[in-house]
Amino acid sequence: MTLPDVTAVPGKPNLLLGAFKIADLGYTAAEYFISGSARSYSPVAECLSDGAWDVSPSATADFTTRVVVLGPADPTAFSGTVLVEWLNVSGGIDAPALWFMAHREVVRQGCVYVAVSAQEVGVQGGESLGGADMSLKILDPQRYAALTHPGDAFAFDIFSQIGQVIRSGELTAQVPEIVVAVGESQSAMFLTTYINAVDPHAAIFDGFLVHSRFGPAAPLDGHSILASPDVPQQVRFRPHLRVPTLTVITETDLIGGRLPGYHAARQPDDDMLRTWEIPGTAHADNYTIQVGPIDTGSAPVSTLVAAYAPTSTLMGQQLDHFINFAPQHHYVVQAALAALCTWVRTGNVAPSGPRLQLTDTEPPQLVLDADGIAVGGIRTPWVDVPVARTSGIVDSDVAMAFLFGSGEPFGADALADRYPGGAAEYLALFTAALDSAIAAGFLLSADRNEIVELATATFSAAP
């Protein structure tokens with residue numbers, strides 16, 4: 001594969017990374033334009049639910065897109081791991097969803113993080129779930145005048161070519177030791193197609209973190225994931241995966257609703273696949289929109305507690321319920337990222353987790369305990385020693401609200417009945433459950449002190 005051309009672009013990249021300064025994390029940001037000729041792919045046979053898709057190169061088209069590279073300001077702090085995120089465009093803007101959710105672990109590992117504008121919507125606009133056009137050419141037409149995207153049929157090869165550039169060391173302080181691809185939501189569905197159809201030929205990435213995918217996979221022909229007749233509504237990962245693949249699934253992803261749920265695409269773990277299903281979680285939550293943007297690792301716990309506080313306001317719209325405010329989504333994704341990188345580096349396989357329990361109805365629903373909390377899945381102290389019911393499921397007519405689930409704090413009487421010993425009893429039970437989750441590999445010991453402080457302050461602030 002001939003490497004595309006790389007051009008450094010001075011100035012500040014247009015990419016939402018948080019309310020904090022990247023320098024406050026000890027990182028720097030640089031933007032590059034990547035130009036070349038990309039291929040599309042056509043199926044050799046029908047794309048079936050088993051994910052064993054065989055493709056061949058089809059058309060070619062020129063492209064110029066951009067990447068944003070975040071790395072340690074001190075080059076010697078680079079661990080050798082590069083994370084390559086397929087930016088999410090569901091809101092009509094390039095969104096670094098994995099960075100939002102797990103930047104603390106990215107920085108803690110000393111990873112270089114590369115954000116890739118892989119899809120047409122992020123570069124020059126088009127159909128999106130959010131309905132808005134906040135593409136690069138709209139947000140800064142002068143800076144991004146040179147960008148041109150031939151359509152999402154070419155996104156897979158664009159992603160491969162950028163992976164090759166990264167492997168060459170041109171964008172990093174040294175040649176990377178491992179390169180891991182990550183993507184969330186719509187990007188996770190595109191990564192699923194990449195894994196099933198393109199990765200067997202390209203063989204560029206050392207592992208994949210597929211975060212919050214639904215049942216379908218993205219079409220190869222560039223059509224919208226919402227309106228493609230050529231892809232089954234439930235697509236498994238292909239048999240005999242080439243490299244370690246870990247997928248993280250929330251309740252919203254599993255059950256679906258406006259998109260078919262992942263439940264019909266479930267498959268057993270094997271030597272190259274791990275699936276972590278997290279009870280009490282929604283596709284997006286308070287961490288996504290309120291906590292993550294201020295979470296530098298040095299923010300006071302009181303500030304984090306205030307940001308996690310239940311809210312019924314979503315993107316300026318007033319809801320009749322609280323959106324999901326559970327912390328476990330963030331902390332489990334950080335553990336998943338750490339486990340995947342360890343698996344890729346050492347061969348020490350990430351732990352397998354139990355699946356969320358579903359009813360035998362059609363469509364299936366979550367099995368709930370007496371508190372309305374989902375049964376099964378990866379257990380964390382927030383669902384085993386709860387102070388609230390949080391869920392990934394909600395019935396709302398408000399656009400995007402279905403992605404944010406719901407939450408309901410227990411009242412003072414319910415807390416007193418459950419924990420008659422007050423804060424001391426609650427914290428003893430909570431820390432025992434926390435240590436069990438850490439021992440199982442689904443939470444990180446590096447996060448333990450913060451989690452305990454957060455739980456202490458949250459219980460004290462409860463009604």
# chains A, B, ... in the order shown; residues from 1 in each chain; ligands from 1
call {"tool": "residues_around", "arguments": {"residues": "Glu127 (chain A)", "least_positions_apart": "6", "cutoff": "8 Å", "atoms": "only C-alpha atoms", "output": "list of chain:residue names"}}
result
A:Gly92, A:Val121, A:Ser224
call {"tool": "residues_around", "arguments": {"residues": "region 241-247 of chain A", "least_positions_apart": "6", "cutoff": "6 Å", "atoms": "only C-alpha atoms", "output": "list in words"}}
result
Asp206, Gly207, Phe208, Leu209, Val210, His211, Met272, Leu273, Arg274 and Thr275 of chain A
call {"tool": "closest_residue", "arguments": {"among": "A:Glu105, A:Asp94, A:Asp133, A:Glu450", "to": "Ser187 (chain A)", "atoms": "only C-alpha atoms"}}
result
A:Asp94
call {"tool": "residues_around", "arguments": {"residues": "Ile34 (chain A)", "least_positions_apart": "2", "cutoff": "6 Å", "atoms": "only C-alpha atoms", "output": "ChimeraX atom specification"}}
result
/A:5-6,64-66
call {"tool": "closest_residue", "arguments": {"among": "A:Arg39, A:Arg266, A:His223, A:Arg104", "to": "Gln334 (chain A)", "atoms": "only C-alpha atoms"}}
result
A:Arg104
call {"tool": "residues_around", "arguments": {"residues": "Ala401 (chain A)", "least_positions_apart": "6", "cutoff": "8 Å", "atoms": "only C-alpha atoms", "output": "mmCIF file with C-alpha atoms, in the first residue's frame"}}
result
data_model
loop_
_atom_site.group_PDB
_atom_site.id
_atom_site.type_symbol
_atom_site.label_atom_id
_atom_site.label_comp_id
_atom_site.auth_asym_id
_atom_site.auth_seq_id
_atom_site.Cartn_x
_atom_site.Cartn_y
_atom_site.Cartn_z
ATOM 1 C CA LEU A 314 -30.756 17.368 27.784
ATOM 2 C CA ILE A 323 -31.198 10.996 32.240
ATOM 3 C CA VAL A 394 -36.579 5.106 28.372
#
call {"tool": "residues_around", "arguments": {"residues": "His329 (chain A)", "least_positions_apart": "5", "cutoff": "8 Å", "atoms": "only C-alpha atoms", "output": "ChimeraX atom specification"}}
result
/A:250,278,281-282
call {"tool": "write_last_selection", "arguments": {"atoms": "N, CA and C atoms", "output": "CSV table (one decimal), in the first residue's frame"}}
result
chain,number,residue,atom,x,y,z
A,250,THR,N,-24.0,-1.4,26.4
A,250,THR,CA,-24.9,-0.9,27.4
A,250,THR,C,-26.3,-1.5,27.3
A,278,ILE,N,-23.0,-4.2,30.5
A,278,ILE,CA,-23.0,-3.4,31.7
A,278,ILE,C,-24.4,-3.1,32.2
A,281,THR,N,-26.6,0.9,32.7
A,281,THR,CA,-25.9,1.9,31.8
A,281,THR,C,-26.8,2.2,30.6
A,282,ALA,N,-26.6,3.5,30.1
A,282,ALA,CA,-27.2,3.9,28.9
A,282,ALA,C,-26.1,4.2,27.9
call {"tool": "select_by_dssp", "arguments": {"residues": "region 129-336 of chain A", "states": "strand (DSSP E or B)", "output": "PyMOL selection string"}}
result
chain A and resi 148+178-184+207-211+245-250+256+260+270+273-278+313-314+317-318+322
call {"tool": "residues_around", "arguments": {"residues": "Ile158 (chain A)", "least_positions_apart": "4", "cutoff": "12 Å", "atoms": "only C-alpha atoms", "output": "PyMOL selection string"}}
result
chain A and resi 1+3-4+34-41+60-67+86+116-120+148-154+162-165+194+198+202
call {"tool": "residues_around", "arguments": {"residues": "Asp230 (chain A)", "least_positions_apart": "2", "cutoff": "12 Å", "atoms": "only C-alpha atoms", "output": "PDB file with N, CA and C atoms, in the first residue's frame"}}
result
ATOM      1  N   SER A  42     -16.736  -4.042  -2.676  1.00  0.00           N
ATOM      2  CA  SER A  42     -18.008  -4.660  -3.044  1.00  0.00           C
ATOM      3  C   SER A  42     -18.051  -6.087  -2.538  1.00  0.00           C
ATOM      4  N   PRO A  43     -19.202  -6.552  -2.057  1.00  0.00           N
ATOM      5  CA  PRO A  43     -19.311  -7.938  -1.580  1.00  0.00           C
ATOM      6  C   PRO A  43     -19.134  -8.931  -2.733  1.00  0.00           C
ATOM      7  N   ALA A  45     -20.118 -12.057  -2.217  1.00  0.00           N
ATOM      8  CA  ALA A  45     -21.372 -12.781  -2.041  1.00  0.00           C
ATOM      9  C   ALA A  45     -22.233 -11.991  -1.064  1.00  0.00           C
ATOM     10  N   GLU A  46     -23.447 -12.457  -0.824  1.00  0.00           N
ATOM     11  CA  GLU A  46     -24.369 -11.756   0.067  1.00  0.00           C
ATOM     12  C   GLU A  46     -23.767 -11.621   1.469  1.00  0.00           C
ATOM     13  N   CYS A  47     -23.926 -10.431   2.051  1.00  0.00           N
ATOM     14  CA  CYS A  47     -23.450 -10.187   3.419  1.00  0.00           C
ATOM     15  C   CYS A  47     -24.473 -10.749   4.400  1.00  0.00           C
ATOM     16  N   LEU A  48     -24.101 -11.818   5.103  1.00  0.00           N
ATOM     17  CA  LEU A  48     -25.024 -12.506   5.990  1.00  0.00           C
ATOM     18  C   LEU A  48     -24.775 -12.128   7.445  1.00  0.00           C
ATOM     19  N   SER A  49     -25.665 -12.597   8.310  1.00  0.00           N
ATOM     20  CA  SER A  49     -25.589 -12.245   9.723  1.00  0.00           C
ATOM     21  C   SER A  49     -24.363 -12.812  10.422  1.00  0.00           C
ATOM     22  N   PRO A 216     -27.113  -3.894  13.910  1.00  0.00           N
ATOM     23  CA  PRO A 216     -26.619  -3.895  12.532  1.00  0.00           C
ATOM     24  C   PRO A 216     -25.131  -3.549  12.436  1.00  0.00           C
ATOM     25  N   ALA A 217     -24.625  -3.677  11.238  1.00  0.00           N
ATOM     26  CA  ALA A 217     -23.306  -3.149  10.884  1.00  0.00           C
ATOM     27  C   ALA A 217     -23.509  -2.163   9.747  1.00  0.00           C
ATOM     28  N   ALA A 218     -22.503  -1.346   9.488  1.00  0.00           N
ATOM     29  CA  ALA A 218     -22.609  -0.333   8.441  1.00  0.00           C
ATOM     30  C   ALA A 218     -22.568  -0.990   7.065  1.00  0.00           C
ATOM     31  N   PRO A 219     -23.289  -0.442   6.113  1.00  0.00           N
ATOM     32  CA  PRO A 219     -23.205  -0.966   4.744  1.00  0.00           C
ATOM     33  C   PRO A 219     -21.884  -0.602   4.094  1.00  0.00           C
ATOM     34  N   LEU A 220     -21.499  -1.361   3.115  1.00  0.00           N
ATOM     35  CA  LEU A 220     -20.254  -1.114   2.389  1.00  0.00           C
ATOM     36  C   LEU A 220     -20.407  -0.082   1.288  1.00  0.00           C
ATOM     37  N   ASP A 221     -21.656   0.180   0.885  1.00  0.00           N
ATOM     38  CA  ASP A 221     -21.878   1.012  -0.291  1.00  0.00           C
ATOM     39  C   ASP A 221     -22.045   2.496   0.018  1.00  0.00           C
ATOM     40  N   GLY A 222     -21.870   2.887   1.288  1.00  0.00           N
ATOM     41  CA  GLY A 222     -21.958   4.291   1.632  1.00  0.00           C
ATOM     42  C   GLY A 222     -23.331   4.773   2.018  1.00  0.00           C
ATOM     43  N   HIS A 223     -24.351   3.905   1.955  1.00  0.00           N
ATOM     44  CA  HIS A 223     -25.685   4.304   2.368  1.00  0.00           C
ATOM     45  C   HIS A 223     -25.737   4.501   3.883  1.00  0.00           C
ATOM     46  N   SER A 224     -26.754   5.208   4.344  1.00  0.00           N
ATOM     47  CA  SER A 224     -26.940   5.437   5.766  1.00  0.00           C
ATOM     48  C   SER A 224     -27.154   4.114   6.497  1.00  0.00           C
ATOM     49  N   ILE A 225     -26.661   4.045   7.736  1.00  0.00           N
ATOM     50  CA  ILE A 225     -26.913   2.862   8.562  1.00  0.00           C
ATOM     51  C   ILE A 225     -28.383   2.718   8.881  1.00  0.00           C
ATOM     52  N   LEU A 226     -29.172   3.788   8.705  1.00  0.00           N
ATOM     53  CA  LEU A 226     -30.601   3.754   9.016  1.00  0.00           C
ATOM     54  C   LEU A 226     -31.448   3.277   7.841  1.00  0.00           C
ATOM     55  N   ALA A 227     -30.856   3.196   6.654  1.00  0.00           N
ATOM     56  CA  ALA A 227     -31.688   2.930   5.481  1.00  0.00           C
ATOM     57  C   ALA A 227     -30.966   2.094   4.443  1.00  0.00           C
ATOM     58  N   SER A 228     -30.311   1.038   4.867  1.00  0.00           N
ATOM     59  CA  SER A 228     -29.627   0.180   3.908  1.00  0.00           C
ATOM     60  C   SER A 228     -30.296  -1.195   3.859  1.00  0.00           C
ATOM     61  N   PRO A 232     -27.955  -7.136   6.978  1.00  0.00           N
ATOM     62  CA  PRO A 232     -28.912  -7.670   7.958  1.00  0.00           C
ATOM     63  C   PRO A 232     -29.023  -6.762   9.180  1.00  0.00           C
ATOM     64  N   GLN A 233     -30.143  -6.861   9.876  1.00  0.00           N
ATOM     65  CA  GLN A 233     -30.380  -6.037  11.050  1.00  0.00           C
ATOM     66  C   GLN A 233     -29.618  -6.525  12.275  1.00  0.00           C
ATOM     67  N   GLN A 234     -29.103  -7.731  12.225  1.00  0.00           N
ATOM     68  CA  GLN A 234     -28.262  -8.257  13.299  1.00  0.00           C
ATOM     69  C   GLN A 234     -27.043  -8.910  12.663  1.00  0.00           C
ATOM     70  N   VAL A 235     -25.875  -8.363  12.964  1.00  0.00           N
ATOM     71  CA  VAL A 235     -24.642  -8.853  12.356  1.00  0.00           C
ATOM     72  C   VAL A 235     -23.652  -9.208  13.461  1.00  0.00           C
TER      73      VAL A 235
END
call {"tool": "select_by_dssp", "arguments": {"residues": "region 315-404 of chain A", "states": "alpha helix (DSSP H)", "output": "PyMOL selection string"}}
result
chain A and resi 328-346+381-384
call {"tool": "closest_residue", "arguments": {"among": "A:Thr7, A:Thr390, A:Asn14, A:Thr303", "to": "Leu139 (chain A)", "atoms": "only C-alpha atoms"}}
result
A:Asn14
call {"tool": "closest_residue", "arguments": {"among": "A:Leu17, A:Leu254, A:Cys111, A:Leu319", "to": "Ser396 (chain A)", "atoms": "only C-alpha atoms"}}
result
A:Leu319
call {"tool": "closest_atom_pairs", "arguments": {"of": "region 16-112 of chain A", "to": "region 173-177 of chain A", "cutoff": "6 Å", "atoms": "only C-alpha atoms", "output": "CSV"}}
result
residue,atom,partner,partner_atom,distance
A:Pro75,CA,A:Ala173,CA,5.9
A:Gly80,CA,A:Pro176,CA,4.8
A:Thr81,CA,A:Glu177,CA,6.0
call {"tool": "write_last_selection", "arguments": {"atoms": "N, CA and C atoms", "output": "PDB file, in the first residue's frame"}}
result
ATOM      1  N   PRO A  75       7.979  13.530  24.984  1.00  0.00           N
ATOM      2  CA  PRO A  75       7.982  12.363  24.095  1.00  0.00           C
ATOM      3  C   PRO A  75       8.413  11.076  24.792  1.00  0.00           C
ATOM      4  N   GLY A  80       4.170   3.811  23.618  1.00  0.00           N
ATOM      5  CA  GLY A  80       4.259   2.965  22.433  1.00  0.00           C
ATOM      6  C   GLY A  80       2.904   2.512  21.925  1.00  0.00           C
ATOM      7  N   THR A  81       1.820   2.825  22.674  1.00  0.00           N
ATOM      8  CA  THR A  81       0.467   2.454  22.260  1.00  0.00           C
ATOM      9  C   THR A  81      -0.203   3.636  21.582  1.00  0.00           C
TER      10      THR A  81
END
call {"tool": "decode", "arguments": {"residues": "region 187-252 of chain A", "atoms": "C-alpha atoms", "output": "JSON list (two decimals), in the first residue's frame"}}
result
[["chain", "number", "residue", "atom", "x", "y", "z"],
["A", 187, "SER", "CA", -18.54, 4.34, 14.52],
["A", 188, "ALA", "CA", -18.78, 0.97, 16.29],
["A", 189, "MET", "CA", -21.10, -0.25, 13.55],
["A", 190, "PHE", "CA", -18.61, 0.95, 10.93],
["A", 191, "LEU", "CA", -15.81, -0.80, 12.83],
["A", 192, "THR", "CA", -17.90, -3.98, 12.86],
["A", 193, "THR", "CA", -18.06, -3.86, 9.06],
["A", 194, "TYR", "CA", -14.35, -3.04, 8.92],
["A", 195, "ILE", "CA", -13.54, -6.06, 11.12],
["A", 196, "ASN", "CA", -15.78, -8.38, 9.13],
["A", 197, "ALA", "CA", -14.92, -7.29, 5.60],
["A", 198, "VAL", "CA", -11.74, -5.23, 5.43],
["A", 199, "ASP", "CA", -9.47, -6.30, 8.28],
["A", 200, "PRO", "CA", -8.80, -9.80, 6.84],
["A", 201, "HIS", "CA", -7.23, -8.05, 3.82],
["A", 202, "ALA", "CA", -5.72, -4.95, 5.42],
["A", 203, "ALA", "CA", -4.26, -6.51, 8.61],
["A", 204, "ILE", "CA", -3.20, -3.13, 10.00],
["A", 205, "PHE", "CA", -4.58, -2.83, 13.53],
["A", 206, "ASP", "CA", -3.48, -4.94, 16.49],
["A", 207, "GLY", "CA", -6.84, -4.87, 18.28],
["A", 208, "PHE", "CA", -10.31, -3.34, 18.25],
["A", 209, "LEU", "CA", -12.45, -1.74, 20.96],
["A", 210, "VAL", "CA", -16.02, -1.70, 19.65],
["A", 211, "HIS", "CA", -18.00, 0.44, 22.08],
["A", 212, "SER", "CA", -21.81, 0.64, 22.19],
["A", 213, "ARG", "CA", -22.77, -0.93, 18.88],
["A", 214, "PHE", "CA", -26.34, -1.92, 18.08],
["A", 215, "GLY", "CA", -27.41, -4.97, 16.10],
["A", 216, "PRO", "CA", -26.62, -3.90, 12.53],
["A", 217, "ALA", "CA", -23.31, -3.15, 10.88],
["A", 218, "ALA", "CA", -22.61, -0.33, 8.44],
["A", 219, "PRO", "CA", -23.21, -0.97, 4.74],
["A", 220, "LEU", "CA", -20.25, -1.11, 2.39],
["A", 221, "ASP", "CA", -21.88, 1.01, -0.29],
["A", 222, "GLY", "CA", -21.96, 4.29, 1.63],
["A", 223, "HIS", "CA", -25.69, 4.30, 2.37],
["A", 224, "SER", "CA", -26.94, 5.44, 5.77],
["A", 225, "ILE", "CA", -26.91, 2.86, 8.56],
["A", 226, "LEU", "CA", -30.60, 3.75, 9.02],
["A", 227, "ALA", "CA", -31.69, 2.93, 5.48],
["A", 228, "SER", "CA", -29.63, 0.18, 3.91],
["A", 229, "PRO", "CA", -31.46, -2.88, 2.60],
["A", 230, "ASP", "CA", -28.21, -4.71, 1.89],
["A", 231, "VAL", "CA", -27.11, -5.37, 5.48],
["A", 232, "PRO", "CA", -28.91, -7.67, 7.96],
["A", 233, "GLN", "CA", -30.38, -6.04, 11.05],
["A", 234, "GLN", "CA", -28.26, -8.26, 13.30],
["A", 235, "VAL", "CA", -24.64, -8.85, 12.36],
["A", 236, "ARG", "CA", -22.20, -10.89, 14.45],
["A", 237, "PHE", "CA", -18.45, -10.47, 14.38],
["A", 238, "ARG", "CA", -16.92, -12.77, 11.80],
["A", 239, "PRO", "CA", -15.69, -16.19, 12.92],
["A", 240, "HIS", "CA", -11.95, -16.55, 13.48],
["A", 241, "LEU", "CA", -11.15, -12.95, 14.24],
["A", 242, "ARG", "CA", -7.59, -11.98, 13.38],
["A", 243, "VAL", "CA", -6.77, -9.90, 16.46],
["A", 244, "PRO", "CA", -8.18, -9.30, 19.98],
["A", 245, "THR", "CA", -11.58, -7.60, 19.87],
["A", 246, "LEU", "CA", -13.49, -6.33, 22.90],
["A", 247, "THR", "CA", -17.01, -4.96, 22.62],
["A", 248, "VAL", "CA", -18.70, -2.99, 25.40],
["A", 249, "ILE", "CA", -22.52, -3.03, 25.39],
["A", 250, "THR", "CA", -24.91, -0.90, 27.45],
["A", 251, "GLU", "CA", -28.55, -1.71, 28.14],
["A", 252, "THR", "CA", -29.60, 0.74, 25.40]]
